[in-house]
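This is protein30.pdb. It holds PDB, C-alpha atoms and all ligand atoms.
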ATOM      1  CA  MET A 100      14.007   7.970 -19.463  1.00  0.00           C
ATOM      2  CA  SER A 101      16.547   6.206 -21.677  1.00  0.00           C
ATOM      3  CA  ASP A 102      18.677   3.307 -20.514  1.00  0.00           C
ATOM      4  CA  LEU A 103      21.662   5.661 -20.515  1.00  0.00           C
ATOM      5  CA  THR A 104      20.158   7.570 -17.593  1.00  0.00           C
ATOM      6  CA  ILE A 105      18.894   4.472 -15.765  1.00  0.00           C
ATOM      7  CA  LYS A 106      21.392   3.256 -13.215  1.00  0.00           C
ATOM      8  CA  PRO A 107      21.972  -0.491 -12.916  1.00  0.00           C
ATOM      9  CA  LEU A 108      20.912  -2.013  -9.610  1.00  0.00           C
ATOM     10  CA  ASN A 109      24.013  -3.451  -7.967  1.00  0.00           C
ATOM     11  CA  GLU A 110      24.311  -5.482  -4.781  1.00  0.00           C
ATOM     12  CA  ALA A 111      27.123  -3.192  -3.652  1.00  0.00           C
ATOM     13  CA  ASP A 112      24.941  -0.083  -3.885  1.00  0.00           C
ATOM     14  CA  VAL A 113      21.769  -1.184  -2.095  1.00  0.00           C
ATOM     15  CA  ALA A 114      21.028  -0.811   1.621  1.00  0.00           C
ATOM     16  CA  GLN A 115      21.459  -3.673   4.129  1.00  0.00           C
ATOM     17  CA  ASP A 116      17.725  -3.782   4.724  1.00  0.00           C
ATOM     18  CA  PRO A 117      14.814  -3.378   2.328  1.00  0.00           C
ATOM     19  CA  ILE A 118      13.056  -0.663   4.335  1.00  0.00           C
ATOM     20  CA  THR A 119      15.988   1.731   3.925  1.00  0.00           C
ATOM     21  CA  GLN A 120      16.282   0.776   0.270  1.00  0.00           C
ATOM     22  CA  PHE A 121      12.530   1.362  -0.191  1.00  0.00           C
ATOM     23  CA  GLN A 122      12.789   4.800   1.417  1.00  0.00           C
ATOM     24  CA  ARG A 123      15.590   5.723  -1.008  1.00  0.00           C
ATOM     25  CA  TRP A 124      13.559   4.644  -4.018  1.00  0.00           C
ATOM     26  CA  LEU A 125      10.368   6.293  -2.757  1.00  0.00           C
ATOM     27  CA  SER A 126      12.195   9.565  -2.294  1.00  0.00           C
ATOM     28  CA  GLU A 127      13.556   9.262  -5.852  1.00  0.00           C
ATOM     29  CA  ALA A 128      10.014   8.541  -7.073  1.00  0.00           C
ATOM     30  CA  HIS A 129       8.806  11.726  -5.323  1.00  0.00           C
ATOM     31  CA  ASN A 130      11.653  13.698  -6.922  1.00  0.00           C
ATOM     32  CA  ALA A 131      10.764  12.274 -10.357  1.00  0.00           C
ATOM     33  CA  LYS A 132       7.382  14.062 -10.065  1.00  0.00           C
ATOM     34  CA  LEU A 133       5.306  10.965 -10.744  1.00  0.00           C
ATOM     35  CA  ALA A 134       1.545  11.521 -10.571  1.00  0.00           C
ATOM     36  CA  GLU A 135       0.929   9.083  -7.698  1.00  0.00           C
ATOM     37  CA  PRO A 136       4.243   7.779  -6.339  1.00  0.00           C
ATOM     38  CA  THR A 137       2.505   6.290  -3.271  1.00  0.00           C
ATOM     39  CA  ALA A 138      -0.075   4.292  -5.244  1.00  0.00           C
ATOM     40  CA  MET A 139       0.371   0.556  -4.830  1.00  0.00           C
ATOM     41  CA  ALA A 140      -1.526  -2.529  -5.945  1.00  0.00           C
ATOM     42  CA  LEU A 141      -2.727  -4.604  -2.986  1.00  0.00           C
ATOM     43  CA  GLY A 142      -3.349  -8.314  -3.544  1.00  0.00           C
ATOM     44  CA  THR A 143      -5.426 -10.319  -1.077  1.00  0.00           C
ATOM     45  CA  VAL A 144      -6.817 -13.853  -1.090  1.00  0.00           C
ATOM     46  CA  ASP A 145     -10.249 -14.985   0.103  1.00  0.00           C
ATOM     47  CA  ARG A 146     -11.118 -18.082   2.143  1.00  0.00           C
ATOM     48  CA  GLU A 147     -11.351 -20.201  -1.024  1.00  0.00           C
ATOM     49  CA  GLY A 148      -7.911 -19.091  -2.241  1.00  0.00           C
ATOM     50  CA  ARG A 149      -9.263 -16.707  -4.894  1.00  0.00           C
ATOM     51  CA  PRO A 150      -7.016 -13.657  -5.354  1.00  0.00           C
ATOM     52  CA  SER A 151      -8.157 -10.067  -5.910  1.00  0.00           C
ATOM     53  CA  VAL A 152      -6.202  -6.882  -6.397  1.00  0.00           C
ATOM     54  CA  ARG A 153      -6.891  -3.131  -6.193  1.00  0.00           C
ATOM     55  CA  MET A 154      -4.962   0.109  -5.764  1.00  0.00           C
ATOM     56  CA  VAL A 155      -4.465   1.759  -2.364  1.00  0.00           C
ATOM     57  CA  LEU A 156      -2.228   4.584  -1.163  1.00  0.00           C
ATOM     58  CA  PHE A 157       0.877   3.920   0.919  1.00  0.00           C
ATOM     59  CA  LYS A 158       0.642   6.020   4.084  1.00  0.00           C
ATOM     60  CA  GLY A 159       3.977   5.399   5.745  1.00  0.00           C
ATOM     61  CA  LEU A 160       5.833   2.775   7.723  1.00  0.00           C
ATOM     62  CA  HIS A 161       4.795   1.644  11.171  1.00  0.00           C
ATOM     63  CA  GLN A 162       6.876  -0.860  13.148  1.00  0.00           C
ATOM     64  CA  GLY A 163       8.512  -2.038   9.952  1.00  0.00           C
ATOM     65  CA  GLY A 164       5.187  -2.484   8.136  1.00  0.00           C
ATOM     66  CA  PHE A 165       3.827  -0.761   5.018  1.00  0.00           C
ATOM     67  CA  CYS A 166       0.584   1.037   5.996  1.00  0.00           C
ATOM     68  CA  PHE A 167      -2.592   1.849   4.156  1.00  0.00           C
ATOM     69  CA  TYR A 168      -6.044   2.869   5.365  1.00  0.00           C
ATOM     70  CA  THR A 169      -9.393   1.456   4.405  1.00  0.00           C
ATOM     71  CA  ASN A 170     -12.769   0.151   5.544  1.00  0.00           C
ATOM     72  CA  TYR A 171     -12.267  -3.003   7.643  1.00  0.00           C
ATOM     73  CA  ALA A 172     -15.657  -4.318   6.460  1.00  0.00           C
ATOM     74  CA  SER A 173     -14.804  -3.875   2.744  1.00  0.00           C
ATOM     75  CA  ARG A 174     -14.020  -6.843   0.548  1.00  0.00           C
ATOM     76  CA  LYS A 175     -10.268  -6.384   1.115  1.00  0.00           C
ATOM     77  CA  GLY A 176     -10.852  -5.815   4.839  1.00  0.00           C
ATOM     78  CA  GLU A 177     -12.808  -9.053   5.192  1.00  0.00           C
ATOM     79  CA  GLU A 178     -10.309 -10.990   3.116  1.00  0.00           C
ATOM     80  CA  LEU A 179      -7.431  -9.701   5.244  1.00  0.00           C
ATOM     81  CA  THR A 180      -9.273 -10.534   8.450  1.00  0.00           C
ATOM     82  CA  ALA A 181      -9.903 -14.105   7.242  1.00  0.00           C
ATOM     83  CA  ASN A 182      -6.459 -14.519   5.676  1.00  0.00           C
ATOM     84  CA  PRO A 183      -3.960 -11.965   7.009  1.00  0.00           C
ATOM     85  CA  ARG A 184      -1.419 -12.124   4.209  1.00  0.00           C
ATOM     86  CA  ALA A 185      -0.954  -9.660   1.361  1.00  0.00           C
ATOM     87  CA  ALA A 186       1.193  -8.635  -1.587  1.00  0.00           C
ATOM     88  CA  LEU A 187       1.906  -5.029  -2.588  1.00  0.00           C
ATOM     89  CA  THR A 188       3.345  -3.732  -5.854  1.00  0.00           C
ATOM     90  CA  PHE A 189       4.593  -0.248  -6.671  1.00  0.00           C
ATOM     91  CA  TRP A 190       5.290   0.758 -10.295  1.00  0.00           C
ATOM     92  CA  TRP A 191       7.240   3.941 -10.960  1.00  0.00           C
ATOM     93  CA  ASP A 192       7.056   4.213 -14.727  1.00  0.00           C
ATOM     94  CA  ILE A 193       9.472   7.057 -15.506  1.00  0.00           C
ATOM     95  CA  LEU A 194      12.143   5.373 -13.397  1.00  0.00           C
ATOM     96  CA  GLU A 195      11.308   1.914 -14.793  1.00  0.00           C
ATOM     97  CA  ARG A 196      11.165   0.584 -11.268  1.00  0.00           C
ATOM     98  CA  GLN A 197       8.914  -1.940  -9.561  1.00  0.00           C
ATOM     99  CA  VAL A 198       8.887  -2.944  -5.890  1.00  0.00           C
ATOM    100  CA  ARG A 199       7.098  -6.092  -4.709  1.00  0.00           C
ATOM    101  CA  ILE A 200       6.374  -6.692  -1.039  1.00  0.00           C
ATOM    102  CA  GLU A 201       4.881  -9.829   0.523  1.00  0.00           C
ATOM    103  CA  GLY A 202       4.085 -10.572   4.117  1.00  0.00           C
ATOM    104  CA  ARG A 203       1.792 -10.852   7.101  1.00  0.00           C
ATOM    105  CA  VAL A 204      -0.846  -8.242   7.770  1.00  0.00           C
ATOM    106  CA  GLU A 205      -1.896  -6.640  11.056  1.00  0.00           C
ATOM    107  CA  ARG A 206      -4.199  -3.774  11.954  1.00  0.00           C
ATOM    108  CA  VAL A 207      -2.399  -0.637  13.091  1.00  0.00           C
ATOM    109  CA  PRO A 208      -3.183   0.693  16.604  1.00  0.00           C
ATOM    110  CA  GLN A 209      -6.452   2.622  16.764  1.00  0.00           C
ATOM    111  CA  GLU A 210      -4.651   5.810  17.898  1.00  0.00           C
ATOM    112  CA  LEU A 211      -2.743   5.817  14.609  1.00  0.00           C
ATOM    113  CA  SER A 212      -5.941   5.340  12.563  1.00  0.00           C
ATOM    114  CA  ASP A 213      -7.605   8.091  14.584  1.00  0.00           C
ATOM    115  CA  ARG A 214      -4.734  10.497  13.950  1.00  0.00           C
ATOM    116  CA  TYR A 215      -4.684   9.743  10.227  1.00  0.00           C
ATOM    117  CA  PHE A 216      -8.501   9.874   9.911  1.00  0.00           C
ATOM    118  CA  HIS A 217      -8.617  13.343  11.460  1.00  0.00           C
ATOM    119  CA  SER A 218      -5.719  14.575   9.307  1.00  0.00           C
ATOM    120  CA  ARG A 219      -7.882  14.062   6.199  1.00  0.00           C
ATOM    121  CA  PRO A 220     -10.195  16.754   4.795  1.00  0.00           C
ATOM    122  CA  ARG A 221     -13.594  16.790   6.486  1.00  0.00           C
ATOM    123  CA  GLY A 222     -15.294  15.727   3.222  1.00  0.00           C
ATOM    124  CA  SER A 223     -13.213  12.548   3.175  1.00  0.00           C
ATOM    125  CA  GLN A 224     -14.104  11.860   6.817  1.00  0.00           C
ATOM    126  CA  ILE A 225     -17.818  12.248   5.971  1.00  0.00           C
ATOM    127  CA  GLY A 226     -17.339   9.970   2.971  1.00  0.00           C
ATOM    128  CA  ALA A 227     -15.551   7.281   4.966  1.00  0.00           C
ATOM    129  CA  TYR A 228     -18.198   7.439   7.695  1.00  0.00           C
ATOM    130  CA  THR A 229     -21.033   7.139   5.166  1.00  0.00           C
ATOM    131  CA  SER A 230     -19.797   4.541   2.691  1.00  0.00           C
ATOM    132  CA  ARG A 231     -20.186   0.846   3.471  1.00  0.00           C
ATOM    133  CA  GLN A 232     -17.304   0.204   1.112  1.00  0.00           C
ATOM    134  CA  SER A 233     -17.818  -2.761  -1.276  1.00  0.00           C
ATOM    135  CA  ALA A 234     -21.514  -3.256  -0.362  1.00  0.00           C
ATOM    136  CA  LEU A 235     -24.111  -2.986  -3.148  1.00  0.00           C
ATOM    137  CA  LEU A 236     -25.639   0.441  -3.700  1.00  0.00           C
ATOM    138  CA  PRO A 237     -29.051   0.726  -5.395  1.00  0.00           C
ATOM    139  CA  SER A 238     -28.300   4.214  -6.754  1.00  0.00           C
ATOM    140  CA  ARG A 239     -25.878   7.142  -6.495  1.00  0.00           C
ATOM    141  CA  ALA A 240     -28.790   9.254  -5.230  1.00  0.00           C
ATOM    142  CA  GLU A 241     -29.089   7.069  -2.148  1.00  0.00           C
ATOM    143  CA  LEU A 242     -25.414   7.587  -1.271  1.00  0.00           C
ATOM    144  CA  ASP A 243     -25.695  11.348  -1.868  1.00  0.00           C
ATOM    145  CA  ALA A 244     -28.681  11.489   0.495  1.00  0.00           C
ATOM    146  CA  ARG A 245     -26.778   9.538   3.132  1.00  0.00           C
ATOM    147  CA  LEU A 246     -23.798  11.916   2.788  1.00  0.00           C
ATOM    148  CA  VAL A 247     -26.124  14.844   3.513  1.00  0.00           C
ATOM    149  CA  ALA A 248     -27.526  12.984   6.530  1.00  0.00           C
ATOM    150  CA  THR A 249     -24.006  12.350   7.894  1.00  0.00           C
ATOM    151  CA  GLU A 250     -23.133  16.021   7.435  1.00  0.00           C
ATOM    152  CA  LYS A 251     -26.250  16.967   9.431  1.00  0.00           C
ATOM    153  CA  LYS A 252     -25.540  14.401  12.118  1.00  0.00           C
ATOM    154  CA  PHE A 253     -22.079  15.869  12.787  1.00  0.00           C
ATOM    155  CA  ALA A 254     -22.831  19.531  12.027  1.00  0.00           C
ATOM    156  CA  GLY A 255     -20.530  21.686  14.159  1.00  0.00           C
ATOM    157  CA  ALA A 256     -18.860  18.614  15.646  1.00  0.00           C
ATOM    158  CA  GLU A 257     -15.904  16.384  14.918  1.00  0.00           C
ATOM    159  CA  VAL A 258     -16.599  13.303  12.781  1.00  0.00           C
ATOM    160  CA  PRO A 259     -15.600  10.357  15.002  1.00  0.00           C
ATOM    161  CA  LEU A 260     -13.300   7.649  13.714  1.00  0.00           C
ATOM    162  CA  PRO A 261     -15.708   4.949  12.493  1.00  0.00           C
ATOM    163  CA  GLU A 262     -15.090   1.674  14.319  1.00  0.00           C
ATOM    164  CA  TRP A 263     -15.077  -0.119  10.929  1.00  0.00           C
ATOM    165  CA  TRP A 264     -12.338   2.080   9.457  1.00  0.00           C
ATOM    166  CA  GLY A 265      -8.568   2.122   9.967  1.00  0.00           C
ATOM    167  CA  GLY A 266      -5.140   1.049   8.871  1.00  0.00           C
ATOM    168  CA  PHE A 267      -3.412  -2.206   8.077  1.00  0.00           C
ATOM    169  CA  ARG A 268       0.321  -2.753   7.922  1.00  0.00           C
ATOM    170  CA  VAL A 269       2.021  -5.348   5.737  1.00  0.00           C
ATOM    171  CA  ILE A 270       5.073  -6.664   7.583  1.00  0.00           C
ATOM    172  CA  PRO A 271       7.452  -7.726   4.834  1.00  0.00           C
ATOM    173  CA  GLU A 272       8.886 -11.234   4.598  1.00  0.00           C
ATOM    174  CA  SER A 273      10.268 -10.488   1.151  1.00  0.00           C
ATOM    175  CA  VAL A 274      10.853  -7.322  -0.859  1.00  0.00           C
ATOM    176  CA  GLU A 275      11.986  -7.340  -4.479  1.00  0.00           C
ATOM    177  CA  PHE A 276      13.496  -4.304  -6.196  1.00  0.00           C
ATOM    178  CA  TRP A 277      13.200  -4.419  -9.971  1.00  0.00           C
ATOM    179  CA  GLN A 278      15.073  -2.048 -12.228  1.00  0.00           C
ATOM    180  CA  GLY A 279      14.257  -2.026 -15.940  1.00  0.00           C
ATOM    181  CA  ARG A 280      17.327  -2.462 -18.182  1.00  0.00           C
ATOM    182  CA  GLN A 281      17.939  -2.606 -21.896  1.00  0.00           C
ATOM    183  CA  ASN A 282      16.665  -5.595 -23.947  1.00  0.00           C
ATOM    184  CA  ARG A 283      14.515  -6.685 -21.002  1.00  0.00           C
ATOM    185  CA  VAL A 284      17.609  -7.954 -19.222  1.00  0.00           C
ATOM    186  CA  HIS A 285      16.438  -6.315 -16.035  1.00  0.00           C
ATOM    187  CA  ASP A 286      17.997  -6.225 -12.568  1.00  0.00           C
ATOM    188  CA  ARG A 287      16.077  -7.972  -9.774  1.00  0.00           C
ATOM    189  CA  LEU A 288      17.314  -7.940  -6.189  1.00  0.00           C
ATOM    190  CA  LEU A 289      15.310  -9.872  -3.615  1.00  0.00           C
ATOM    191  CA  TYR A 290      15.532  -9.380   0.157  1.00  0.00           C
ATOM    192  CA  ARG A 291      14.260 -12.373   2.132  1.00  0.00           C
ATOM    193  CA  GLN A 292      13.699 -12.404   5.883  1.00  0.00           C
ATOM    194  CA  THR A 293      15.580 -15.334   7.482  1.00  0.00           C
ATOM    195  CA  ALA A 294      16.375 -16.307  11.081  1.00  0.00           C
ATOM    196  CA  ALA A 295      19.749 -14.598  10.582  1.00  0.00           C
ATOM    197  CA  GLY A 296      18.210 -11.382   9.243  1.00  0.00           C
ATOM    198  CA  TRP A 297      17.725 -10.073   5.726  1.00  0.00           C
ATOM    199  CA  MET A 298      19.316 -12.088   2.920  1.00  0.00           C
ATOM    200  CA  LEU A 299      19.950 -10.483  -0.464  1.00  0.00           C
ATOM    201  CA  GLU A 300      19.705 -12.552  -3.643  1.00  0.00           C
ATOM    202  CA  ARG A 301      19.580 -11.813  -7.356  1.00  0.00           C
ATOM    203  CA  LEU A 302      16.852 -13.255  -9.551  1.00  0.00           C
ATOM    204  CA  GLN A 303      16.930 -13.848 -13.296  1.00  0.00           C
ATOM    205  CA  PRO A 304      14.907 -11.281 -15.193  1.00  0.00           C
TER     206      PRO A 304
HETATM  207  C1  LIG A 401      -4.848   5.424  -7.060  1.00  0.00           C
HETATM  208  C2  LIG A 401      -5.889   4.831  -6.151  1.00  0.00           C
HETATM  209  C3  LIG A 401      -5.717   4.902  -4.776  1.00  0.00           C
HETATM  210  C4  LIG A 401      -6.653   4.337  -3.914  1.00  0.00           C
HETATM  211  N1  LIG A 401      -6.415   4.378  -2.566  1.00  0.00           N
HETATM  212  C5  LIG A 401      -7.270   3.754  -1.722  1.00  0.00           C
HETATM  213  C6  LIG A 401      -6.969   3.669  -0.330  1.00  0.00           C
HETATM  214  O1  LIG A 401      -5.929   4.156   0.155  1.00  0.00           O
HETATM  215  N2  LIG A 401      -7.860   3.031   0.474  1.00  0.00           N
HETATM  216  C7  LIG A 401      -9.002   2.458  -0.015  1.00  0.00           C
HETATM  217  O2  LIG A 401      -9.764   1.895   0.773  1.00  0.00           O
HETATM  218  N3  LIG A 401      -9.299   2.491  -1.331  1.00  0.00           N
HETATM  219  C8  LIG A 401      -8.471   3.124  -2.192  1.00  0.00           C
HETATM  220  N4  LIG A 401      -8.741   3.152  -3.550  1.00  0.00           N
HETATM  221  C9  LIG A 401      -9.963   2.459  -4.031  1.00  0.00           C
HETATM  222  C10 LIG A 401      -9.667   0.949  -4.132  1.00  0.00           C
HETATM  223  O3  LIG A 401      -8.895   0.694  -5.305  1.00  0.00           O
HETATM  224  C11 LIG A 401     -10.941   0.078  -4.155  1.00  0.00           C
HETATM  225  O4  LIG A 401     -11.820   0.506  -5.169  1.00  0.00           O
HETATM  226  C12 LIG A 401     -11.706   0.122  -2.830  1.00  0.00           C
HETATM  227  O5  LIG A 401     -10.832   0.179  -1.713  1.00  0.00           O
HETATM  228  C13 LIG A 401     -12.614  -1.088  -2.692  1.00  0.00           C
HETATM  229  O6  LIG A 401     -11.866  -2.285  -2.768  1.00  0.00           O
HETATM  230  P1  LIG A 401     -12.411  -3.686  -2.227  1.00  0.00           P
HETATM  231  O7  LIG A 401     -13.862  -3.769  -2.648  1.00  0.00           O
HETATM  232  O8  LIG A 401     -11.572  -4.738  -2.856  1.00  0.00           O
HETATM  233  O9  LIG A 401     -12.287  -3.692  -0.719  1.00  0.00           O
HETATM  234  C14 LIG A 401      -7.821   3.715  -4.442  1.00  0.00           C
HETATM  235  C15 LIG A 401      -7.998   3.656  -5.828  1.00  0.00           C
HETATM  236  C16 LIG A 401      -7.053   4.201  -6.672  1.00  0.00           C
HETATM  237  C17 LIG A 401      -7.272   4.104  -8.165  1.00  0.00           C
END
Would you write out, as structure tokens, the structure that this file holds?
Amino acid sequence: MSDLTIKPLNEADVAQDPITQFQRWLSEAHNAKLAEPTAMALGTVDREGRPSVRMVLFKGLHQGGFCFYTNYASRKGEELTANPRAALTFWWDILERQVRIEGRVERVPQELSDRYFHSRPRGSQIGAYTSRQSALLPSRAELDARLVATEKKFAGAEVPLPEWWGGFRVIPESVEFWQGRQNRVHDRLLYRQTAAGWMLERLQP
């Protein structure tokens, strides 16, 4: 997309709160037919302050928090349990847009995880039940054998929600909307949570 078709990001045009603004941009990302508009980078920090980042899929908002689902015993799950703070970044290339979210992390209620888990294809449920995500695996063959064993175990029955699997929500304290502009003189609007509500500020590119 050329800069002629990219709209500047103006204070007067954005929503009062970042959730509404995010929903507008996400819907535009869906309309732009991006391959994975809900893919987001998730940054976590371990007990020693070492950061790590990986992609996860955004699965909706719950009580003002950005949700994703994973294995609670994975590396990210353990880091979030020890240090419940995270950063998320979306990048929508065709639109030249980036959204950065930072905040506290909580687990979503188990009923929500259960509903989402059972909305997934059965193969994904078997996979989630079988994989000890982030643990060492001696060989692919071992995992394949364990997948077969899980299939047998639940043959003709529902796969239960594993107790080590579910959602987290990132409750935003700040959300930055970044719009690419010509000559790298980009627009950056930052919402910050304050005692008086959301404050909107502009950052230098
Ligand atoms: C586009 C994309 C989407 C992904 N979505 C998820 C997801 O929603 N949940 C998840 O646990 N892993 C997801 N993954 C895999 C993670 O990036 C990562 O490999 C895995 O969660 C293990 O991370 P960890 O060892 O840091 O816990 C995704 C990977 C990609 C490339």
Box for ligand LIG 401 (chain A): with edges along x, y and z, all listed atoms inside and 5 Å added on each side, what are the centre and edge lengths in Å to one decimal, as AutoDock Vina command-line options?
--center_x -9.4 --center_y 0.3 --center_z -3.7 --size_x 19.0 --size_y 20.2 --size_z 18.9
Neighbourhood of ligand LIG 401 (chain A) at 6 Å, counting only C-alpha atoms and all ligand atoms, reported as a compact mmCIF listing (two decimals) with C-alpha atoms, in the coordinates of the input:
# COMPACT_ATOMS: atom_id res chain seq x y z
CA ALA A 138 -0.08 4.29 -5.24
CA ARG A 153 -6.89 -3.13 -6.19
CA MET A 154 -4.96 0.11 -5.76
CA VAL A 155 -4.46 1.76 -2.36
CA LEU A 156 -2.23 4.58 -1.16
CA PHE A 167 -2.59 1.85 4.16
CA TYR A 168 -6.04 2.87 5.36
CA THR A 169 -9.39 1.46 4.40
CA ASN A 170 -12.77 0.15 5.54
CA SER A 173 -14.80 -3.88 2.74
CA ARG A 174 -14.02 -6.84 0.55
CA LYS A 175 -10.27 -6.38 1.12
CA SER A 233 -17.82 -2.76 -1.28
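Note that CA of Gly265 (chain A) and CA of Tyr171 (chain A) are 6.7 Å apart.
Taking CA of Arg291 (chain A) as the reference point, CA of Leu187 (chain A) is found at 15.1 Å.
Of the residues under consideration (A:Gln303, A:Ser223, A:Ser151, A:Thr180), A:Thr180 shows the shortest atom-to-atom contact distance to Glu205 (chain A) when counting all atoms listed in the file.
Surrounding residues of (-17.0, 2.4, 10.9) at most 12 Å away are Thr169, Asn170, Tyr171, Ala172, Ser173, Gly176, Ser212, Asp213, Phe216, Gln224, Ile225, Gly226, Ala227, Tyr228, Thr229, Ser230, Arg231, Gln232, Val258, Pro259, Leu260, Pro261, Glu262, Trp263, Trp264 and Gly265 of chain A (based on all atoms listed in the file).
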- Message: Running the PyMOL selection byres (((chain A and resi 277) around 12) and not hetatm) on this model by hand, what would come out? Give it as a PyMOL selection string.
- Response: chain A and resi 106-109+120-121+124+188-192+194-200+274-276+278-280+283-290+301-304
Atoms kept (C-alpha atoms) for selection, written as a PDB file, keeping the file's coordinate frame:
ATOM      1  CA  LYS A 106      21.392   3.256 -13.215  1.00  0.00           C
ATOM      2  CA  PRO A 107      21.972  -0.491 -12.916  1.00  0.00           C
ATOM      3  CA  LEU A 108      20.912  -2.013  -9.610  1.00  0.00           C
ATOM      4  CA  ASN A 109      24.013  -3.451  -7.967  1.00  0.00           C
ATOM      5  CA  GLN A 120      16.282   0.776   0.270  1.00  0.00           C
ATOM      6  CA  PHE A 121      12.530   1.362  -0.191  1.00  0.00           C
ATOM      7  CA  TRP A 124      13.559   4.644  -4.018  1.00  0.00           C
ATOM      8  CA  THR A 188       3.345  -3.732  -5.854  1.00  0.00           C
ATOM      9  CA  PHE A 189       4.593  -0.248  -6.671  1.00  0.00           C
ATOM     10  CA  TRP A 190       5.290   0.758 -10.295  1.00  0.00           C
ATOM     11  CA  TRP A 191       7.240   3.941 -10.960  1.00  0.00           C
ATOM     12  CA  ASP A 192       7.056   4.213 -14.727  1.00  0.00           C
ATOM     13  CA  LEU A 194      12.143   5.373 -13.397  1.00  0.00           C
ATOM     14  CA  GLU A 195      11.308   1.914 -14.793  1.00  0.00           C
ATOM     15  CA  ARG A 196      11.165   0.584 -11.268  1.00  0.00           C
ATOM     16  CA  GLN A 197       8.914  -1.940  -9.561  1.00  0.00           C
ATOM     17  CA  VAL A 198       8.887  -2.944  -5.890  1.00  0.00           C
ATOM     18  CA  ARG A 199       7.098  -6.092  -4.709  1.00  0.00           C
ATOM     19  CA  ILE A 200       6.374  -6.692  -1.039  1.00  0.00           C
ATOM     20  CA  VAL A 274      10.853  -7.322  -0.859  1.00  0.00           C
ATOM     21  CA  GLU A 275      11.986  -7.340  -4.479  1.00  0.00           C
ATOM     22  CA  PHE A 276      13.496  -4.304  -6.196  1.00  0.00           C
ATOM     23  CA  GLN A 278      15.073  -2.048 -12.228  1.00  0.00           C
ATOM     24  CA  GLY A 279      14.257  -2.026 -15.940  1.00  0.00           C
ATOM     25  CA  ARG A 280      17.327  -2.462 -18.182  1.00  0.00           C
ATOM     26  CA  ARG A 283      14.515  -6.685 -21.002  1.00  0.00           C
ATOM     27  CA  VAL A 284      17.609  -7.954 -19.222  1.00  0.00           C
ATOM     28  CA  HIS A 285      16.438  -6.315 -16.035  1.00  0.00           C
ATOM     29  CA  ASP A 286      17.997  -6.225 -12.568  1.00  0.00           C
ATOM     30  CA  ARG A 287      16.077  -7.972  -9.774  1.00  0.00           C
ATOM     31  CA  LEU A 288      17.314  -7.940  -6.189  1.00  0.00           C
ATOM     32  CA  LEU A 289      15.310  -9.872  -3.615  1.00  0.00           C
ATOM     33  CA  TYR A 290      15.532  -9.380   0.157  1.00  0.00           C
ATOM     34  CA  ARG A 301      19.580 -11.813  -7.356  1.00  0.00           C
ATOM     35  CA  LEU A 302      16.852 -13.255  -9.551  1.00  0.00           C
ATOM     36  CA  GLN A 303      16.930 -13.848 -13.296  1.00  0.00           C
ATOM     37  CA  PRO A 304      14.907 -11.281 -15.193  1.00  0.00           C
TER      38      PRO A 304
END
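The two atoms in question, CA of Arg214 (chain A) and CA of Gly164 (chain A), are spaced 17.3 Å apart.
When the PyMOL selection byres (((chain A and resi 166) around 9) and not hetatm) is evaluated against the file, it yields Leu156, Phe157, Lys158, Gly159, Leu160, His161, Gly164, Phe165, Phe167, Tyr168, Val207, Gly266, Phe267, Arg268 and Val269 of chain A.
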- Task: Go through A:Pro183, A:Pro271, A:Glu257, A:Lys252 one by one, measure the shortest atom-to-atom distance of each to Ser218 (chain A) using only C-alpha atoms, and give the residue with the smallest value.
- Result: A:Glu257
- Using all atoms listed in the file, what residues lie at most 12 Å away from (-10.6, -15.1, -3.7) (file coordinates), given as a PyMOL selection string? chain A and resi 142-152+174-175+177-179+181-182
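For the set A:Lys251, A:Leu246, A:Thr137, A:Leu211, the residue with the smallest atom-to-atom gap to Gln122 (chain A) is A:Thr137, counting all atoms listed in the file.
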